[in-house]
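Have a look at the structure below, then the notes.
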Amino acid sequence: MRVSKEVAEAIVRRKPVVALESTIIAHGMPYPRNLETAKALESAVREEGAVPATIAVVDGEPVVGLSEDELLAIATRKDVMKLSRRDLPIAVGLGKWGATTVSATIILAAKAGIEVFATGGIGGVHRGAEDTFDISRDLPELGENDITVVSSGVKAILDLPKTLEVLETEGVTVLSYQAPHLADFYSQDSGLPVDYVARTPEEIARIVLARRGLSIKGAILVSNPCPPELALPREKIDPVIEQALEEAEKEGIHGKASTPYLLAKIVELSGGESLEANVALAVNNARLGAKIAVALSMLKEEGE
């Protein structure tokens, strides 16, 4: 695994670092908006005083902290694999390019010693999972790794109540940042409960340190709503999601192809509004992730 010089130095010096996934670049948005978003995510992290570490596999080598040229390649190449845990050995063993999903990003970030990861929305339990057993690897990955993940809840195409049940089974602490309920991805409020509503990044950092102090394995998931000015009302976006799901079923889209297909279809059906919301929430999450990483770093220094 190659860790960029900037990221490696920050980790050694115990400075705040925020991991960022690359599937949002390769499979979540069209070019050039994907590259613009990747750069906006990194800029948001830097503006809050932390170091960004976008993660991917480059010619079979896991890379933590992509260069500008590598970001461009991930955004434009047509042969970039979508990598979950099970796919990493294939990409590495055969020298492929790959964009990391939430689960693969968690694995590589943890190996590098990064404590905070910001993404758009995590994967979860798919609708109809009682028949298909389609449950994202993201959920057990959260249960197995000590990392703090900031997201706008789970992707809107999923079954949110069932996802929360699985997160509970995995022992993942679910916090909300300044909002009463779990975020609803494109919309702000799912109406679903969380374990605690945190008011400040420092409060989240204290909970993170307490969990580690208790030697409780697993992640803390921080739900952060989409900025209100670009959030889409549920009565507007829910019919769009339902139509996209129906079209995916008709076309026989299943498995790892589902999420990229559905997100693209929702962008089409919403006239691009969902893309604007997706970009806004991802950047907002990167910014909060950096604030939490900074608060963690400061609390550790105070405790030394």
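Just remember, in the structure tokens the first chain shown is A, the second B, etc., residues are 1-based per chain, and ligands are 1-based in the order shown.
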Test item: residues at most 12 Å from range 266-270 of chain A, only C-alpha atoms, excluding those fewer than 5 positions along its chain, as an MDAnalysis selection string: chainID A and resid 28:30 155:157 186 232:233 236:248 258:261 275:279
Test item: residues at most 8 Å from Ile107 in chain A, only C-alpha atoms, excluding those fewer than 3 positions along its chain, as a PyMOL selection string: chain A and resi 85+103-104+110-111+141+145
Limited to N, CA and C atoms, could you put the picked residues into a file as a compact mmCIF listing (two decimals), in the first residue's frame?
```txt
# COMPACT_ATOMS: atom_id res chain seq x y z
N ARG A 85 -14.88 -5.17 -0.35
CA ARG A 85 -13.89 -6.06 0.28
C ARG A 85 -13.53 -7.22 -0.64
N SER A 103 -16.96 0.17 2.06
CA SER A 103 -16.32 -0.93 2.77
C SER A 103 -14.83 -1.02 2.46
N ALA A 104 -14.46 -0.92 1.19
CA ALA A 104 -13.04 -1.00 0.83
C ALA A 104 -12.26 0.21 1.35
N ALA A 110 -8.25 2.15 7.63
CA ALA A 110 -7.87 1.56 8.92
C ALA A 110 -6.45 1.03 8.87
N LYS A 111 -6.07 0.41 7.77
CA LYS A 111 -4.70 -0.10 7.63
C LYS A 111 -3.68 1.04 7.67
N GLU A 141 -18.72 -4.19 7.75
CA GLU A 141 -17.42 -3.50 7.80
C GLU A 141 -17.42 -2.46 8.91
N ASN A 145 -14.58 -2.47 12.23
CA ASN A 145 -13.45 -1.54 12.19
C ASN A 145 -13.67 -0.32 13.08
```
Neighbour list for Tyr196 in chain A as a list in words, cut-off 8 Å, only C-alpha atoms, skip fewer than 2 positions in-chain: Val174, Leu175, Ser176, Val194 and Ala198 of chain A
I need the residues from that last selection saved to file as a JSON list (two decimals), in the first residue's frame (with C-alpha atoms), if you can.
```
[["chain", "number", "residue", "atom", "x", "y", "z"],
["A", 174, "VAL", "CA", -25.30, 5.93, 15.36],
["A", 175, "LEU", "CA", -25.11, 9.64, 16.13],
["A", 176, "SER", "CA", -26.84, 12.58, 14.48],
["A", 194, "VAL", "CA", -30.57, 7.69, 16.36],
["A", 198, "ALA", "CA", -24.56, 15.53, 19.10]]
```
Secondary structure check, strand (DSSP E) residues of range 112-195 of chain A, as a PyMOL selection string: chain A and resi 116-118+148-151+173-177
DSSP on the backbone: what in range 49-296 of chain A comes out alpha helix (DSSP H), as a short mmCIF file (atom, residue, chain, number, x, y, z; two decimals) with N, CA and C atoms, in the first residue's frame?
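That gives us result-v6.cif:
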```cif
data_model
loop_
_atom_site.label_atom_id
_atom_site.label_comp_id
_atom_site.auth_asym_id
_atom_site.auth_seq_id
_atom_site.Cartn_x
_atom_site.Cartn_y
_atom_site.Cartn_z
N GLU A 68 -3.08 14.54 -8.10
CA GLU A 68 -4.03 15.18 -9.01
C GLU A 68 -4.19 14.36 -10.29
N ASP A 69 -3.08 13.81 -10.80
CA ASP A 69 -3.14 12.99 -12.01
C ASP A 69 -3.95 11.72 -11.77
N GLU A 70 -3.80 11.14 -10.59
CA GLU A 70 -4.54 9.92 -10.27
C GLU A 70 -6.03 10.21 -10.09
N LEU A 71 -6.36 11.37 -9.51
CA LEU A 71 -7.77 11.78 -9.41
C LEU A 71 -8.39 11.91 -10.80
N LEU A 72 -7.64 12.53 -11.71
CA LEU A 72 -8.11 12.70 -13.08
C LEU A 72 -8.35 11.35 -13.74
N ALA A 73 -7.41 10.43 -13.53
CA ALA A 73 -7.53 9.11 -14.14
C ALA A 73 -8.75 8.36 -13.61
N ILE A 74 -8.97 8.42 -12.30
CA ILE A 74 -10.13 7.75 -11.71
C ILE A 74 -11.43 8.34 -12.26
N ALA A 75 -11.40 9.65 -12.53
CA ALA A 75 -12.60 10.35 -13.01
C ALA A 75 -12.88 10.08 -14.49
N THR A 76 -11.88 9.68 -15.26
CA THR A 76 -12.05 9.60 -16.72
C THR A 76 -11.87 8.21 -17.32
N LEU A 88 -11.13 -6.33 -3.74
CA LEU A 88 -9.77 -5.81 -3.57
C LEU A 88 -8.69 -6.79 -4.03
N PRO A 89 -8.77 -8.08 -3.66
CA PRO A 89 -7.72 -9.01 -4.10
C PRO A 89 -7.64 -9.14 -5.63
N ILE A 90 -8.78 -9.02 -6.31
CA ILE A 90 -8.77 -9.13 -7.77
C ILE A 90 -8.04 -7.95 -8.39
N ALA A 91 -8.40 -6.74 -7.93
CA ALA A 91 -7.77 -5.53 -8.48
C ALA A 91 -6.27 -5.51 -8.19
N VAL A 92 -5.90 -5.88 -6.97
CA VAL A 92 -4.47 -5.86 -6.60
C VAL A 92 -3.72 -6.98 -7.30
N GLY A 93 -4.30 -8.18 -7.30
CA GLY A 93 -3.60 -9.33 -7.89
C GLY A 93 -3.40 -9.22 -9.38
N VAL A 102 -17.51 2.28 0.23
CA VAL A 102 -17.37 2.55 1.66
C VAL A 102 -16.61 1.43 2.35
N SER A 103 -16.96 0.17 2.06
CA SER A 103 -16.32 -0.93 2.77
C SER A 103 -14.83 -1.02 2.46
N ALA A 104 -14.46 -0.92 1.19
CA ALA A 104 -13.04 -1.00 0.83
C ALA A 104 -12.26 0.21 1.35
N THR A 105 -12.90 1.37 1.36
CA THR A 105 -12.23 2.57 1.89
C THR A 105 -11.98 2.42 3.38
N ILE A 106 -12.95 1.87 4.10
CA ILE A 106 -12.77 1.63 5.53
C ILE A 106 -11.58 0.72 5.78
N ILE A 107 -11.48 -0.36 5.01
CA ILE A 107 -10.37 -1.31 5.18
C ILE A 107 -9.02 -0.63 5.00
N LEU A 108 -8.87 0.10 3.89
CA LEU A 108 -7.57 0.71 3.59
C LEU A 108 -7.27 1.89 4.51
N ALA A 109 -8.30 2.65 4.88
CA ALA A 109 -8.09 3.76 5.81
C ALA A 109 -7.63 3.23 7.16
N ALA A 110 -8.25 2.15 7.63
CA ALA A 110 -7.87 1.56 8.92
C ALA A 110 -6.45 1.03 8.87
N LYS A 111 -6.07 0.41 7.77
CA LYS A 111 -4.70 -0.10 7.63
C LYS A 111 -3.68 1.04 7.67
N ALA A 112 -4.07 2.19 7.15
CA ALA A 112 -3.16 3.34 7.12
C ALA A 112 -3.13 4.08 8.47
N ALA A 129 -34.93 -7.07 0.51
CA ALA A 129 -33.84 -7.93 0.95
C ALA A 129 -34.33 -9.21 1.62
N GLU A 130 -35.60 -9.19 2.10
CA GLU A 130 -36.15 -10.41 2.70
C GLU A 130 -36.27 -11.53 1.66
N ASP A 131 -36.26 -11.16 0.39
CA ASP A 131 -36.29 -12.16 -0.69
C ASP A 131 -34.93 -12.33 -1.37
N THR A 132 -34.22 -11.21 -1.54
CA THR A 132 -32.96 -11.25 -2.30
C THR A 132 -31.72 -11.43 -1.42
N ASP A 138 -20.97 -2.84 3.50
CA ASP A 138 -20.65 -1.68 4.33
C ASP A 138 -21.04 -1.90 5.79
N LEU A 139 -22.15 -2.59 6.01
CA LEU A 139 -22.67 -2.72 7.38
C LEU A 139 -21.78 -3.59 8.27
N PRO A 140 -21.42 -4.81 7.87
CA PRO A 140 -20.48 -5.57 8.71
C PRO A 140 -19.11 -4.92 8.80
N GLU A 141 -18.72 -4.19 7.75
CA GLU A 141 -17.42 -3.50 7.80
C GLU A 141 -17.42 -2.46 8.91
N LEU A 142 -18.54 -1.75 9.05
CA LEU A 142 -18.68 -0.78 10.14
C LEU A 142 -18.62 -1.48 11.49
N GLY A 143 -19.16 -2.68 11.56
CA GLY A 143 -19.14 -3.41 12.82
C GLY A 143 -17.78 -3.94 13.22
N GLU A 144 -16.88 -4.04 12.24
CA GLU A 144 -15.59 -4.69 12.49
C GLU A 144 -14.41 -3.73 12.61
N LEU A 160 -34.34 2.00 4.86
CA LEU A 160 -33.70 2.66 6.00
C LEU A 160 -33.99 1.96 7.33
N PRO A 161 -35.23 1.63 7.66
CA PRO A 161 -35.48 0.97 8.95
C PRO A 161 -34.73 -0.34 9.11
N LYS A 162 -34.69 -1.17 8.05
CA LYS A 162 -33.96 -2.43 8.14
C LYS A 162 -32.45 -2.19 8.27
N THR A 163 -31.96 -1.15 7.61
CA THR A 163 -30.54 -0.82 7.73
C THR A 163 -30.18 -0.45 9.16
N LEU A 164 -31.03 0.34 9.80
CA LEU A 164 -30.79 0.70 11.20
C LEU A 164 -30.80 -0.54 12.10
N GLU A 165 -31.68 -1.49 11.81
CA GLU A 165 -31.72 -2.72 12.60
C GLU A 165 -30.41 -3.50 12.49
N VAL A 166 -29.88 -3.58 11.27
CA VAL A 166 -28.61 -4.29 11.07
C VAL A 166 -27.45 -3.54 11.74
N LEU A 167 -27.46 -2.21 11.66
CA LEU A 167 -26.43 -1.43 12.34
C LEU A 167 -26.46 -1.69 13.85
N GLU A 168 -27.66 -1.82 14.40
CA GLU A 168 -27.78 -2.13 15.82
C GLU A 168 -27.20 -3.52 16.11
N THR A 169 -27.51 -4.48 15.26
CA THR A 169 -26.97 -5.84 15.43
C THR A 169 -25.45 -5.83 15.37
N PRO A 201 -18.74 19.07 17.11
CA PRO A 201 -17.74 18.08 16.73
C PRO A 201 -16.95 17.56 17.94
N GLU A 202 -16.72 18.43 18.92
CA GLU A 202 -15.99 18.00 20.12
C GLU A 202 -16.77 16.95 20.89
N GLU A 203 -18.08 17.11 20.93
CA GLU A 203 -18.92 16.12 21.62
C GLU A 203 -18.80 14.76 20.93
N ILE A 204 -18.81 14.77 19.60
CA ILE A 204 -18.63 13.53 18.85
C ILE A 204 -17.26 12.93 19.14
N ALA A 205 -16.23 13.77 19.16
CA ALA A 205 -14.87 13.29 19.43
C ALA A 205 -14.77 12.65 20.80
N ARG A 206 -15.44 13.21 21.78
CA ARG A 206 -15.41 12.64 23.14
C ARG A 206 -16.08 11.26 23.17
N ILE A 207 -17.16 11.11 22.40
CA ILE A 207 -17.82 9.81 22.33
C ILE A 207 -16.92 8.79 21.63
N VAL A 208 -16.23 9.22 20.59
CA VAL A 208 -15.29 8.35 19.88
C VAL A 208 -14.20 7.85 20.83
N LEU A 209 -13.61 8.77 21.57
CA LEU A 209 -12.53 8.41 22.49
C LEU A 209 -13.05 7.51 23.61
N ALA A 210 -14.28 7.76 24.07
CA ALA A 210 -14.85 6.93 25.12
C ALA A 210 -15.07 5.50 24.63
N ARG A 211 -15.53 5.35 23.40
CA ARG A 211 -15.74 4.00 22.85
C ARG A 211 -14.42 3.25 22.78
N ARG A 212 -13.38 3.94 22.33
CA ARG A 212 -12.06 3.30 22.27
C ARG A 212 -11.55 2.96 23.66
N GLY A 213 -11.77 3.87 24.60
CA GLY A 213 -11.33 3.62 25.97
C GLY A 213 -12.00 2.42 26.59
N ARG A 234 -39.26 15.05 0.53
CA ARG A 234 -39.53 13.64 0.31
C ARG A 234 -40.69 13.43 -0.67
N GLU A 235 -41.68 14.31 -0.62
CA GLU A 235 -42.82 14.15 -1.53
C GLU A 235 -42.41 14.38 -2.99
N LYS A 236 -41.26 15.01 -3.18
CA LYS A 236 -40.76 15.26 -4.54
C LYS A 236 -39.82 14.16 -5.00
N ILE A 237 -38.90 13.72 -4.13
CA ILE A 237 -37.88 12.76 -4.55
C ILE A 237 -38.34 11.31 -4.42
N ASP A 238 -39.25 11.01 -3.49
CA ASP A 238 -39.66 9.61 -3.30
C ASP A 238 -40.30 9.00 -4.55
N PRO A 239 -41.20 9.71 -5.27
CA PRO A 239 -41.74 9.13 -6.51
C PRO A 239 -40.66 8.89 -7.57
N VAL A 240 -39.66 9.76 -7.59
CA VAL A 240 -38.55 9.60 -8.54
C VAL A 240 -37.77 8.32 -8.21
N ILE A 241 -37.50 8.11 -6.92
CA ILE A 241 -36.78 6.90 -6.50
C ILE A 241 -37.58 5.65 -6.84
N GLU A 242 -38.89 5.69 -6.58
CA GLU A 242 -39.74 4.54 -6.89
C GLU A 242 -39.72 4.22 -8.38
N GLN A 243 -39.77 5.25 -9.23
CA GLN A 243 -39.73 5.03 -10.67
C GLN A 243 -38.39 4.44 -11.10
N ALA A 244 -37.30 4.95 -10.51
CA ALA A 244 -35.97 4.42 -10.83
C ALA A 244 -35.86 2.95 -10.43
N LEU A 245 -36.40 2.60 -9.27
CA LEU A 245 -36.38 1.21 -8.81
C LEU A 245 -37.18 0.30 -9.75
N GLU A 246 -38.32 0.79 -10.21
CA GLU A 246 -39.14 0.01 -11.15
C GLU A 246 -38.40 -0.22 -12.46
N GLU A 247 -37.72 0.81 -12.96
CA GLU A 247 -36.99 0.66 -14.22
C GLU A 247 -35.80 -0.28 -14.07
N ALA A 248 -35.14 -0.24 -12.90
CA ALA A 248 -34.03 -1.16 -12.66
C ALA A 248 -34.52 -2.60 -12.65
N GLU A 249 -35.69 -2.82 -12.04
CA GLU A 249 -36.27 -4.16 -11.99
C GLU A 249 -36.61 -4.65 -13.40
N LYS A 250 -37.19 -3.78 -14.22
CA LYS A 250 -37.54 -4.16 -15.58
C LYS A 250 -36.32 -4.52 -16.41
N SER A 258 -26.42 -2.06 -9.20
CA SER A 258 -27.67 -1.37 -8.84
C SER A 258 -27.45 0.09 -8.48
N THR A 259 -26.51 0.35 -7.55
CA THR A 259 -26.35 1.71 -7.06
C THR A 259 -25.94 2.70 -8.15
N PRO A 260 -24.90 2.42 -8.96
CA PRO A 260 -24.57 3.37 -10.04
C PRO A 260 -25.73 3.59 -11.00
N TYR A 261 -26.43 2.52 -11.35
CA TYR A 261 -27.57 2.65 -12.27
C TYR A 261 -28.65 3.54 -11.67
N LEU A 262 -29.02 3.25 -10.42
CA LEU A 262 -30.12 3.98 -9.79
C LEU A 262 -29.78 5.45 -9.57
N LEU A 263 -28.55 5.73 -9.14
CA LEU A 263 -28.17 7.13 -8.92
C LEU A 263 -28.21 7.91 -10.23
N ALA A 264 -27.72 7.29 -11.31
CA ALA A 264 -27.76 7.96 -12.62
C ALA A 264 -29.19 8.16 -13.09
N LYS A 265 -30.03 7.16 -12.87
CA LYS A 265 -31.44 7.26 -13.29
C LYS A 265 -32.17 8.34 -12.49
N ILE A 266 -31.85 8.44 -11.20
CA ILE A 266 -32.49 9.46 -10.36
C ILE A 266 -32.05 10.86 -10.80
N VAL A 267 -30.79 11.01 -11.19
CA VAL A 267 -30.32 12.30 -11.72
C VAL A 267 -31.12 12.67 -12.97
N GLU A 268 -31.31 11.69 -13.85
CA GLU A 268 -32.07 11.91 -15.08
C GLU A 268 -33.52 12.30 -14.79
N LEU A 269 -34.16 11.54 -13.91
CA LEU A 269 -35.58 11.76 -13.64
C LEU A 269 -35.84 13.02 -12.82
N GLU A 273 -31.47 17.71 -10.22
CA GLU A 273 -31.54 18.22 -8.84
C GLU A 273 -30.90 17.27 -7.83
N SER A 274 -31.05 15.97 -8.06
CA SER A 274 -30.46 15.01 -7.13
C SER A 274 -28.94 15.08 -7.15
N LEU A 275 -28.36 15.38 -8.30
CA LEU A 275 -26.91 15.50 -8.40
C LEU A 275 -26.42 16.69 -7.58
N GLU A 276 -27.13 17.81 -7.67
CA GLU A 276 -26.74 18.99 -6.90
C GLU A 276 -26.82 18.69 -5.39
N ALA A 277 -27.86 17.98 -4.99
CA ALA A 277 -28.00 17.61 -3.58
C ALA A 277 -26.88 16.66 -3.15
N ASN A 278 -26.55 15.72 -4.03
CA ASN A 278 -25.49 14.74 -3.73
C ASN A 278 -24.15 15.43 -3.53
N VAL A 279 -23.83 16.36 -4.41
CA VAL A 279 -22.57 17.10 -4.27
C VAL A 279 -22.55 17.90 -2.97
N ALA A 280 -23.65 18.59 -2.70
CA ALA A 280 -23.71 19.44 -1.51
C ALA A 280 -23.57 18.63 -0.23
N LEU A 281 -24.24 17.50 -0.15
CA LEU A 281 -24.17 16.71 1.09
C LEU A 281 -22.80 16.08 1.25
N ALA A 282 -22.17 15.66 0.15
CA ALA A 282 -20.84 15.05 0.24
C ALA A 282 -19.81 16.07 0.73
N VAL A 283 -19.86 17.29 0.19
CA VAL A 283 -18.93 18.33 0.62
C VAL A 283 -19.19 18.70 2.09
N ASN A 284 -20.46 18.80 2.45
CA ASN A 284 -20.83 19.10 3.83
C ASN A 284 -20.31 18.03 4.79
N ASN A 285 -20.37 16.77 4.37
CA ASN A 285 -19.87 15.68 5.21
C ASN A 285 -18.35 15.72 5.34
N ALA A 286 -17.67 16.07 4.25
CA ALA A 286 -16.21 16.19 4.30
C ALA A 286 -15.80 17.28 5.29
N ARG A 287 -16.56 18.36 5.27
CA ARG A 287 -16.27 19.47 6.18
C ARG A 287 -16.48 19.05 7.65
N LEU A 288 -17.58 18.36 7.92
CA LEU A 288 -17.82 17.89 9.29
C LEU A 288 -16.79 16.84 9.69
N GLY A 289 -16.44 15.96 8.77
CA GLY A 289 -15.41 14.96 9.08
C GLY A 289 -14.11 15.60 9.50
N ALA A 290 -13.73 16.68 8.81
CA ALA A 290 -12.50 17.40 9.16
C ALA A 290 -12.61 18.03 10.55
N LYS A 291 -13.77 18.60 10.85
CA LYS A 291 -13.96 19.21 12.17
C LYS A 291 -13.84 18.16 13.29
N ILE A 292 -14.38 16.98 13.05
CA ILE A 292 -14.29 15.91 14.04
C ILE A 292 -12.84 15.45 14.19
N ALA A 293 -12.13 15.31 13.06
CA ALA A 293 -10.73 14.89 13.10
C ALA A 293 -9.88 15.90 13.86
N VAL A 294 -10.14 17.18 13.63
CA VAL A 294 -9.41 18.23 14.36
C VAL A 294 -9.72 18.16 15.85
N ALA A 295 -10.99 17.97 16.21
CA ALA A 295 -11.38 17.88 17.62
C ALA A 295 -10.74 16.67 18.28
N LEU A 296 -10.68 15.54 17.58
CA LEU A 296 -10.01 14.34 18.11
C LEU A 296 -8.55 14.61 18.38
#
```
How close does range 62-174 of chain A get to range 23-26 of chain A? List, as CSV, each residue of range 62-174 of chain A within 7 Å, its nearest atom pair and the distance in Å to one decimal, counting only C-alpha atoms.
```
residue,atom,partner,partner_atom,distance
A:Ile74,CA,A:Ala26,CA,5.7
A:Ala75,CA,A:Ala26,CA,5.2
A:Val80,CA,A:Ala26,CA,6.9
A:Lys82,CA,A:Thr23,CA,6.6
A:Ala99,CA,A:Thr23,CA,4.8
A:Thr100,CA,A:Thr23,CA,5.4
A:Thr101,CA,A:Thr23,CA,5.4
```
So that I have them on file, write out the residues from the current selection with all heavy atoms, as a short mmCIF file (atom, residue, chain, number, x, y, z; two decimals), in the first residue's frame.
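See out_28.cif below for the written result:
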```cif
data_model
loop_
_atom_site.label_atom_id
_atom_site.label_comp_id
_atom_site.auth_asym_id
_atom_site.auth_seq_id
_atom_site.Cartn_x
_atom_site.Cartn_y
_atom_site.Cartn_z
N ILE A 74 -8.97 8.42 -12.30
CA ILE A 74 -10.13 7.75 -11.71
C ILE A 74 -11.43 8.34 -12.26
O ILE A 74 -12.42 7.65 -12.48
CB ILE A 74 -10.10 7.87 -10.17
CG1 ILE A 74 -8.99 7.00 -9.57
CG2 ILE A 74 -11.44 7.51 -9.56
CD1 ILE A 74 -9.25 5.51 -9.63
N ALA A 75 -11.40 9.65 -12.53
CA ALA A 75 -12.60 10.35 -13.01
C ALA A 75 -12.88 10.08 -14.49
O ALA A 75 -14.03 10.22 -14.92
CB ALA A 75 -12.45 11.85 -12.79
N VAL A 80 -12.23 1.38 -14.65
CA VAL A 80 -12.07 1.44 -13.20
C VAL A 80 -13.10 0.51 -12.55
O VAL A 80 -14.30 0.69 -12.70
CB VAL A 80 -12.24 2.88 -12.68
CG1 VAL A 80 -12.11 2.92 -11.16
CG2 VAL A 80 -11.20 3.80 -13.31
N LYS A 82 -15.29 -1.27 -9.53
CA LYS A 82 -15.95 -0.85 -8.30
C LYS A 82 -15.56 -1.86 -7.22
O LYS A 82 -15.90 -3.04 -7.32
CB LYS A 82 -17.46 -0.81 -8.48
CG LYS A 82 -18.21 -0.32 -7.24
CD LYS A 82 -19.72 -0.35 -7.48
CE LYS A 82 -20.46 0.08 -6.22
NZ LYS A 82 -21.93 -0.06 -6.36
N ALA A 99 -11.96 1.85 -7.92
CA ALA A 99 -12.48 2.89 -7.03
C ALA A 99 -13.08 2.20 -5.81
O ALA A 99 -13.84 1.24 -5.94
CB ALA A 99 -13.52 3.73 -7.75
N THR A 100 -12.74 2.69 -4.64
CA THR A 100 -13.17 2.03 -3.41
C THR A 100 -14.56 2.49 -2.96
O THR A 100 -14.85 3.68 -2.91
CB THR A 100 -12.16 2.30 -2.28
OG1 THR A 100 -11.93 3.71 -2.15
CG2 THR A 100 -10.84 1.61 -2.56
N THR A 101 -15.39 1.52 -2.62
CA THR A 101 -16.68 1.79 -2.00
C THR A 101 -16.43 2.10 -0.52
O THR A 101 -15.29 2.13 -0.06
CB THR A 101 -17.60 0.57 -2.11
OG1 THR A 101 -16.98 -0.52 -1.42
CG2 THR A 101 -17.85 0.19 -3.56
#
```
Distance of CA of Ser67 in chain A from CA of Val154 in chain A, expressed in Å to one decimal place: 28.5 Å
Skipping near chain neighbours, those fewer than 6 positions away, what residues fall within 6 Å of range 13-19 of chain A using only C-alpha atoms, listed as a compact mmCIF listing (two decimals) with all heavy atoms, in the first residue's frame?
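Full text of around.txt as output:
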```txt
# COMPACT_ATOMS: atom_id res chain seq x y z
N ALA A 50 -7.66 19.94 8.22
CA ALA A 50 -7.24 18.55 8.18
C ALA A 50 -6.64 18.22 6.81
O ALA A 50 -6.71 19.01 5.87
CB ALA A 50 -8.42 17.63 8.47
N VAL A 51 -6.05 17.03 6.71
CA VAL A 51 -5.43 16.58 5.47
C VAL A 51 -6.35 15.56 4.80
O VAL A 51 -6.75 14.58 5.43
CB VAL A 51 -4.06 15.92 5.74
CG1 VAL A 51 -3.47 15.32 4.47
CG2 VAL A 51 -3.09 16.95 6.32
N PRO A 52 -6.71 15.75 3.52
CA PRO A 52 -7.57 14.79 2.82
C PRO A 52 -6.75 13.60 2.31
O PRO A 52 -5.59 13.75 1.90
CB PRO A 52 -8.12 15.59 1.66
CG PRO A 52 -7.06 16.61 1.36
CD PRO A 52 -6.42 16.94 2.68
N ALA A 53 -7.38 12.43 2.31
CA ALA A 53 -6.73 11.23 1.80
C ALA A 53 -7.75 10.46 0.95
O ALA A 53 -8.48 9.60 1.46
CB ALA A 53 -6.21 10.36 2.94
N THR A 54 -7.82 10.79 -0.34
CA THR A 54 -8.70 10.06 -1.24
C THR A 54 -8.05 8.72 -1.55
O THR A 54 -6.85 8.65 -1.85
CB THR A 54 -8.96 10.85 -2.53
OG1 THR A 54 -9.49 12.14 -2.18
CG2 THR A 54 -9.95 10.12 -3.42
N VAL A 116 -10.91 8.94 10.71
CA VAL A 116 -12.17 9.56 10.29
C VAL A 116 -12.32 9.42 8.78
O VAL A 116 -11.36 9.60 8.02
CB VAL A 116 -12.21 11.06 10.67
CG1 VAL A 116 -13.52 11.69 10.20
CG2 VAL A 116 -12.07 11.23 12.18
N PHE A 117 -13.53 9.10 8.36
CA PHE A 117 -13.84 8.89 6.94
C PHE A 117 -15.14 9.61 6.63
O PHE A 117 -16.14 9.44 7.34
CB PHE A 117 -13.94 7.37 6.69
CG PHE A 117 -14.60 6.97 5.39
CD1 PHE A 117 -14.43 7.68 4.21
CD2 PHE A 117 -15.38 5.81 5.35
CE1 PHE A 117 -15.02 7.28 3.04
CE2 PHE A 117 -15.99 5.40 4.17
CZ PHE A 117 -15.81 6.13 3.01
N ALA A 293 -12.13 15.31 13.06
CA ALA A 293 -10.73 14.89 13.10
C ALA A 293 -9.88 15.90 13.86
O ALA A 293 -8.99 15.53 14.64
CB ALA A 293 -10.20 14.70 11.68
N VAL A 294 -10.14 17.18 13.63
CA VAL A 294 -9.41 18.23 14.36
C VAL A 294 -9.72 18.16 15.85
O VAL A 294 -8.81 18.26 16.69
CB VAL A 294 -9.77 19.62 13.79
CG1 VAL A 294 -9.23 20.73 14.70
CG2 VAL A 294 -9.21 19.78 12.38
N SER A 297 -7.88 15.26 17.42
CA SER A 297 -6.47 15.57 17.56
C SER A 297 -6.22 16.47 18.77
O SER A 297 -5.29 16.24 19.56
CB SER A 297 -5.95 16.24 16.28
OG SER A 297 -4.58 16.54 16.38
```
d(CA of Ser4 in chain A, CA of Val64 in chain A) in Å: 6.3 Å
Separation of CA of Gly60 in chain A from CA of Trp97 in chain A, in Å and rounded to one decimal: 6.3 Å
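Using only C-alpha atoms, the nearest neighbour of Asp134 in chain A within the list A:His181, A:Lys96, A:Lys217, A:Lys256 is A:Lys256.
Nearest residue to Ala183 in chain A, choosing from A:Ser151, A:Thr200, A:Asn34, A:Ser22 and counting only C-alpha atoms: A:Ser151.
Nearest residue to Gly272 in chain A among A:Val3, A:Ile114, A:Asp159, A:Arg33 is A:Arg33, counting only C-alpha atoms.
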